[in-house]
There are 2 protein chains.
Amino acid sequence: MTTRAVVLLSGGLDSATTLAMAKAEGRDLFPLSFAYGQRHQSELDAARRVAASQGVREPVVFELDLRLFGGSALTAEIDVPKDSVGDEGIPVTYVPARNTIFLSIAVGYAEVLGAGEIWIGVNAVDFSGYPDCRPAYVEAFQRVIATGTKSGVETGRPLIRAPLIDLTKAAIIRRGTELGVDYGITHSCYDPGPAGAACGHCDSCILRRRGFEEAGVADPTRYA
Amino acid sequence: MTTRAVVLLSGGLDSATTLAMAKAEGRDLFPLSFAYGQRHQSELDAARRVAASQGVREPVVFELDLRLFGGSALTAEIDVPKDSVGDEGIPVTYVPARNTIFLSIAVGYAEVLGAGEIWIGVNAVDFSGYPDCRPAYVEAFQRVIATGTKSGVETGRPLIRAPLIDLTKAAIIRRGTELGVDYGITHSCYDPGPAGAACGHCDSCILRRRGFEEAGVADPTRYA
């Protein structure tokens, strides 16, 4: 039987590439997206477009309102910093425990589906400095699955697959391009304009633009 | 400054005792409850009663619909087993990844509050066989906090406090009784009657009833 895999799909460049890599390994794919009170609905629209363009199931959208707690530029009324990528420390766009919350729900979904894998597009090279994107974190979460879930205790599954974790943004873009990913429909900007155009100056836009330059791939992003 | 603590509060016997223990240590308490599609609203009502009776803040109720995934007798239309406590394996009342999801959200809330602790009433002695109630699980989750959250990386906090983990149900009841916990307003039953009366035969009722007997404390539970 084909291995089922839950894939966390935000509709950004990294998760679109991760989805294509899981597909290339022949997995039976169950994309999972979150409506978590993010300021920009464009993310969910992009997730749906990406799934459709890769010919996989429409994402299940799990709703949870992280605005209840406040505390991040991505969910609250805090300005997104511009032209500051690489400044020290964890940026204000950090959403408290976001990947932990998303992975936890993915584990619940995987257990119900009998899925053997959870794919997540975290990356510890060209990233904004979020702690929940690093190998030590992924290993720690795997141990939570092994000790605290029915499927983990009984089978050691689901495994977390993080195939981008040690790739540069350029390498991610090259790999995705080989796999036919349409980056023109992905959405990475933290602060898009009214029609969904990328701002070009937030951490995410800067890392993405540099990635296309270094990869020698034409950047299809629509900038404001 | 008084240490802030998030306390997971289901309104059951264990979480009511945990809340009283955190209060006895002088913490500034932030109870957190979940509306997760459980079949019985009685749980949330009990959580509010318990917080009021101990004179602490009303619980913040975080909504998330675990029914989306199905797969448990506590959220779906599966019969709750009766008179079978201690049978082998993980019971059908297991909700996939429930404590992991709850702890993840508690960590997000703790980070926003600047809370140094998260209290949870898990217990590995008189329990139903859920894997996410054991010390190895709590240790693994602590490592997720240490590696994957801003506050964990910067301060090692929040700490998970699980003061019931190695107590018998009788010892929990004795401790709570010393602290003045009113167990008559708590709710533990997995399958309550129409007016909220306990069934007396699910795992939770049986463990609770035995606990009162062994503690030599009068059982205030209203049985159907």
# chains A, B, ... in the order shown; residues from 1 in each chain; ligands from 1
call {"tool": "residues_around", "arguments": {"residues": "B:Glu58", "least_positions_apart": "4", "cutoff": "12 Å", "atoms": "only C-alpha atoms", "output": "list in words"}}
result
Val7, Leu9, Gly11, Leu29, Phe30, Pro31, Leu32, Ser33, Leu44, Asp45, Ala46, Ala47, Arg48, Arg49, Val50, Ala51, Ala52, Ser53 and Gln54 of chain B
call {"tool": "select_by_dssp", "arguments": {"residues": "chain A", "states": "strand (DSSP E)", "output": "list in words"}}
result
Arg4, Ala5, Val6, Val7, Leu8, Asp28, Leu29, Phe30, Pro31, Leu32, Ser33, Phe34, Ala35, Val60, Val61, Phe62, Glu63, Glu117, Ile118, Trp119, Leu159, Ile160 and Arg161 of chain A
call {"tool": "residues_around", "arguments": {"residues": "B:Leu167", "least_positions_apart": "3", "cutoff": "10 Å", "atoms": "only C-alpha atoms", "output": "MDAnalysis selection string"}}
result
chainID B and resid 122:126 163:164 170:173 175
call {"tool": "closest_atom_pairs", "arguments": {"of": "stretch 16-114 of chain B", "to": "stretch 150-153 of chain B", "cutoff": "12 Å", "atoms": "only C-alpha atoms", "output": "JSON lines"}}
result
{"residue": "B:Val107", "atom": "CA", "partner": "B:Ser151", "partner_atom": "CA", "distance": 9.3}
{"residue": "B:Gly108", "atom": "CA", "partner": "B:Ser151", "partner_atom": "CA", "distance": 9.8}
{"residue": "B:Tyr109", "atom": "CA", "partner": "B:Ser151", "partner_atom": "CA", "distance": 11.4}
{"residue": "B:Ala110", "atom": "CA", "partner": "B:Ser151", "partner_atom": "CA", "distance": 9.0}
{"residue": "B:Glu111", "atom": "CA", "partner": "B:Ser151", "partner_atom": "CA", "distance": 6.3}
{"residue": "B:Val112", "atom": "CA", "partner": "B:Ser151", "partner_atom": "CA", "distance": 9.5}
{"residue": "B:Leu113", "atom": "CA", "partner": "B:Ser151", "partner_atom": "CA", "distance": 10.8}
{"residue": "B:Gly114", "atom": "CA", "partner": "B:Ser151", "partner_atom": "CA", "distance": 8.1}
call {"tool": "interface_residues", "arguments": {"of": "chain B", "to": "chain A", "cutoff": "7 Å", "atoms": "only C-alpha atoms", "output": "PyMOL selection string"}}
result
chain B and resi 63-64+69-71+90+96-97+100-101+104-105+107-109+111-112+131-132+136-137+140-141+143-144+147-150
call {"tool": "residues_around", "arguments": {"residues": "B:Arg27", "least_positions_apart": "4", "cutoff": "7 Å", "atoms": "only C-alpha atoms", "output": "list in words"}}
result
Thr2, Thr3, Arg4, Ala5, Ala22 and Lys23 of chain B
call {"tool": "select_by_dssp", "arguments": {"residues": "stretch 122-215 of chain A", "states": "helix (DSSP H, G or I)", "output": "PyMOL selection string"}}
result
chain A and resi 131-133+135-148+150-155+169-178+183-185+203-215
call {"tool": "atom_distance", "arguments": {"atom1": "atom CA of B:Phe127", "atom2": "atom CA of A:Glu117"}}
result
29.0 Å
call {"tool": "atom_distance", "arguments": {"atom1": "atom CA of A:Gly176", "atom2": "atom CA of A:Val92"}}
result
28.8 Å
call {"tool": "residues_around", "arguments": {"residues": "A:Ala218", "least_positions_apart": "3", "cutoff": "12 Å", "atoms": "only C-alpha atoms", "output": "NGL selection string"}}
result
:A and (170 or 173-174 or 177 or 182-184 or 208-215 or 221-222)
call {"tool": "write_last_selection", "arguments": {"atoms": "N, CA and C atoms", "output": "CSV table (one decimal), in the first residue's frame"}}
result
chain,number,residue,atom,x,y,z
A,170,ALA,N,18.4,28.9,-2.8
A,170,ALA,CA,18.7,28.6,-4.3
A,170,ALA,C,18.6,27.2,-4.6
A,173,ILE,N,15.0,26.2,-4.8
A,173,ILE,CA,14.3,26.7,-6.0
A,173,ILE,C,14.8,25.8,-7.2
A,174,ARG,N,16.0,25.4,-7.2
A,174,ARG,CA,16.5,24.6,-8.3
A,174,ARG,C,15.8,23.2,-8.3
A,177,THR,N,12.2,23.6,-9.4
A,177,THR,CA,12.1,23.9,-10.8
A,177,THR,C,12.2,22.6,-11.6
A,182,ASP,N,5.4,25.5,-10.0
A,182,ASP,CA,5.1,26.8,-10.6
A,182,ASP,C,5.1,27.9,-9.4
A,183,TYR,N,6.3,28.5,-9.3
A,183,TYR,CA,6.5,29.5,-8.2
A,183,TYR,C,5.7,30.8,-8.4
A,184,GLY,N,5.2,31.0,-9.6
A,184,GLY,CA,4.4,32.2,-9.9
A,184,GLY,C,3.1,32.2,-9.1
A,208,ARG,N,13.6,35.2,-0.6
A,208,ARG,CA,13.1,34.6,-1.8
A,208,ARG,C,13.7,35.2,-3.0
A,209,ARG,N,13.8,36.5,-3.1
A,209,ARG,CA,14.4,37.1,-4.2
A,209,ARG,C,15.9,36.7,-4.4
A,210,ARG,N,16.6,36.8,-3.3
A,210,ARG,CA,18.0,36.3,-3.4
A,210,ARG,C,18.1,34.9,-3.9
A,211,GLY,N,17.2,34.1,-3.5
A,211,GLY,CA,17.2,32.6,-3.9
A,211,GLY,C,17.1,32.5,-5.4
A,212,PHE,N,16.2,33.2,-6.0
A,212,PHE,CA,16.0,33.2,-7.4
A,212,PHE,C,17.3,33.7,-8.1
A,213,GLU,N,17.9,34.7,-7.6
A,213,GLU,CA,19.1,35.3,-8.2
A,213,GLU,C,20.2,34.2,-8.2
A,214,GLU,N,20.4,33.7,-7.0
A,214,GLU,CA,21.5,32.7,-6.8
A,214,GLU,C,21.3,31.4,-7.6
A,215,ALA,N,20.0,31.1,-7.8
A,215,ALA,CA,19.7,29.8,-8.5
A,215,ALA,C,19.8,30.0,-10.0
A,221,THR,N,7.8,36.3,-9.2
A,221,THR,CA,7.0,36.9,-8.2
A,221,THR,C,6.5,38.3,-8.7
A,222,ARG,N,5.3,38.6,-8.4
A,222,ARG,CA,4.7,39.9,-8.8
A,222,ARG,C,4.9,40.8,-7.6
call {"tool": "closest_residue", "arguments": {"among": "B:Leu13, B:Val217, B:Ile185, B:Cys205", "to": "B:Val85", "atoms": "only C-alpha atoms"}}
result
B:Cys205
call {"tool": "closest_residue", "arguments": {"among": "A:Met21, A:Val56, A:Ile160, A:Val80", "to": "A:Cys199", "atoms": "only C-alpha atoms"}}
result
A:Val80
call {"tool": "decode", "arguments": {"residues": "stretch 75-121 of chain B", "atoms": "N, CA and C atoms", "output": "compact mmCIF listing (two decimals), in the first residue's frame"}}
result
# COMPACT_ATOMS: atom_id res chain seq x y z
N THR B 75 -14.80 12.19 20.78
CA THR B 75 -15.19 13.24 19.85
C THR B 75 -16.12 12.74 18.75
N ALA B 76 -16.19 11.45 18.53
CA ALA B 76 -16.99 10.92 17.43
C ALA B 76 -18.07 9.99 17.98
N GLU B 77 -18.87 9.45 17.09
CA GLU B 77 -19.98 8.59 17.52
C GLU B 77 -19.51 7.14 17.69
N ILE B 78 -18.61 6.95 18.64
CA ILE B 78 -18.12 5.62 18.97
C ILE B 78 -18.54 5.37 20.42
N ASP B 79 -19.00 4.15 20.76
CA ASP B 79 -19.44 3.90 22.13
C ASP B 79 -18.28 3.93 23.12
N VAL B 80 -18.50 4.57 24.24
CA VAL B 80 -17.52 4.57 25.32
C VAL B 80 -17.58 3.20 26.01
N PRO B 81 -16.44 2.51 26.14
CA PRO B 81 -16.46 1.19 26.78
C PRO B 81 -16.79 1.29 28.28
N LYS B 82 -17.47 0.25 28.78
CA LYS B 82 -17.87 0.23 30.18
C LYS B 82 -17.26 -0.97 30.90
N ASP B 83 -16.92 -0.75 32.17
CA ASP B 83 -16.44 -1.81 33.06
C ASP B 83 -15.27 -2.58 32.47
N SER B 84 -14.33 -1.84 31.83
CA SER B 84 -13.22 -2.52 31.16
C SER B 84 -11.89 -1.89 31.53
N VAL B 85 -11.84 -1.12 32.62
CA VAL B 85 -10.59 -0.44 32.96
C VAL B 85 -9.49 -1.47 33.21
N GLY B 86 -8.30 -1.18 32.73
CA GLY B 86 -7.18 -2.09 32.93
C GLY B 86 -7.03 -3.12 31.82
N ASP B 87 -8.00 -3.16 30.89
CA ASP B 87 -7.78 -4.02 29.72
C ASP B 87 -6.52 -3.54 29.00
N GLU B 88 -5.91 -4.43 28.24
CA GLU B 88 -4.61 -4.08 27.66
C GLU B 88 -4.68 -3.03 26.57
N GLY B 89 -3.59 -2.28 26.43
CA GLY B 89 -3.46 -1.38 25.29
C GLY B 89 -4.07 -0.01 25.53
N ILE B 90 -4.05 0.77 24.45
CA ILE B 90 -4.53 2.14 24.49
C ILE B 90 -6.01 2.12 24.14
N PRO B 91 -6.88 2.67 24.99
CA PRO B 91 -8.33 2.54 24.77
C PRO B 91 -8.87 3.41 23.64
N VAL B 92 -10.09 3.13 23.22
CA VAL B 92 -10.71 3.89 22.11
C VAL B 92 -11.06 5.32 22.51
N THR B 93 -10.97 5.62 23.80
CA THR B 93 -11.20 7.00 24.23
C THR B 93 -9.97 7.88 24.00
N TYR B 94 -8.87 7.26 23.55
CA TYR B 94 -7.68 8.04 23.17
C TYR B 94 -8.04 9.03 22.06
N VAL B 95 -7.75 10.31 22.27
CA VAL B 95 -7.95 11.32 21.23
C VAL B 95 -6.58 11.58 20.60
N PRO B 96 -6.43 11.33 19.29
CA PRO B 96 -5.11 11.45 18.68
C PRO B 96 -4.39 12.75 19.02
N ALA B 97 -3.20 12.59 19.62
CA ALA B 97 -2.29 13.71 19.91
C ALA B 97 -2.90 14.80 20.79
N ARG B 98 -3.93 14.46 21.55
CA ARG B 98 -4.63 15.50 22.30
C ARG B 98 -3.73 16.31 23.24
N ASN B 99 -2.99 15.64 24.11
CA ASN B 99 -2.18 16.42 25.06
C ASN B 99 -1.08 17.20 24.34
N THR B 100 -0.58 16.66 23.23
CA THR B 100 0.43 17.37 22.45
C THR B 100 -0.15 18.65 21.86
N ILE B 101 -1.35 18.55 21.33
CA ILE B 101 -2.02 19.74 20.79
C ILE B 101 -2.29 20.74 21.92
N PHE B 102 -2.80 20.26 23.05
CA PHE B 102 -3.12 21.17 24.16
C PHE B 102 -1.84 21.83 24.70
N LEU B 103 -0.79 21.05 24.89
CA LEU B 103 0.46 21.63 25.40
C LEU B 103 1.05 22.64 24.43
N SER B 104 0.95 22.35 23.13
CA SER B 104 1.49 23.27 22.12
C SER B 104 0.82 24.64 22.22
N ILE B 105 -0.48 24.60 22.33
CA ILE B 105 -1.23 25.85 22.42
C ILE B 105 -0.92 26.54 23.75
N ALA B 106 -0.78 25.75 24.81
CA ALA B 106 -0.41 26.32 26.11
C ALA B 106 0.95 27.00 26.04
N VAL B 107 1.87 26.43 25.27
CA VAL B 107 3.21 27.03 25.13
C VAL B 107 3.09 28.38 24.41
N GLY B 108 2.28 28.42 23.35
CA GLY B 108 2.06 29.69 22.65
C GLY B 108 1.49 30.75 23.60
N TYR B 109 0.52 30.34 24.39
CA TYR B 109 -0.11 31.26 25.35
C TYR B 109 0.90 31.70 26.40
N ALA B 110 1.69 30.75 26.89
CA ALA B 110 2.70 31.07 27.91
C ALA B 110 3.73 32.05 27.37
N GLU B 111 4.12 31.88 26.13
CA GLU B 111 5.11 32.81 25.55
C GLU B 111 4.56 34.23 25.49
N VAL B 112 3.30 34.33 25.08
CA VAL B 112 2.70 35.67 24.98
C VAL B 112 2.55 36.31 26.36
N LEU B 113 2.20 35.50 27.36
CA LEU B 113 2.03 36.01 28.73
C LEU B 113 3.35 36.24 29.45
N GLY B 114 4.44 35.65 28.92
CA GLY B 114 5.67 35.61 29.70
C GLY B 114 5.56 34.69 30.90
N ALA B 115 4.75 33.64 30.76
CA ALA B 115 4.56 32.70 31.87
C ALA B 115 5.74 31.74 31.96
N GLY B 116 6.19 31.47 33.16
CA GLY B 116 7.35 30.60 33.37
C GLY B 116 7.01 29.14 33.51
N GLU B 117 5.72 28.84 33.66
CA GLU B 117 5.32 27.44 33.89
C GLU B 117 4.02 27.11 33.17
N ILE B 118 3.90 25.82 32.84
CA ILE B 118 2.64 25.26 32.35
C ILE B 118 2.33 24.07 33.25
N TRP B 119 1.19 24.08 33.89
CA TRP B 119 0.81 22.98 34.78
C TRP B 119 -0.20 22.09 34.07
N ILE B 120 0.01 20.78 34.17
CA ILE B 120 -0.88 19.82 33.51
C ILE B 120 -1.09 18.62 34.44
N GLY B 121 -2.34 18.15 34.52
CA GLY B 121 -2.69 17.12 35.49
C GLY B 121 -2.54 15.70 34.99
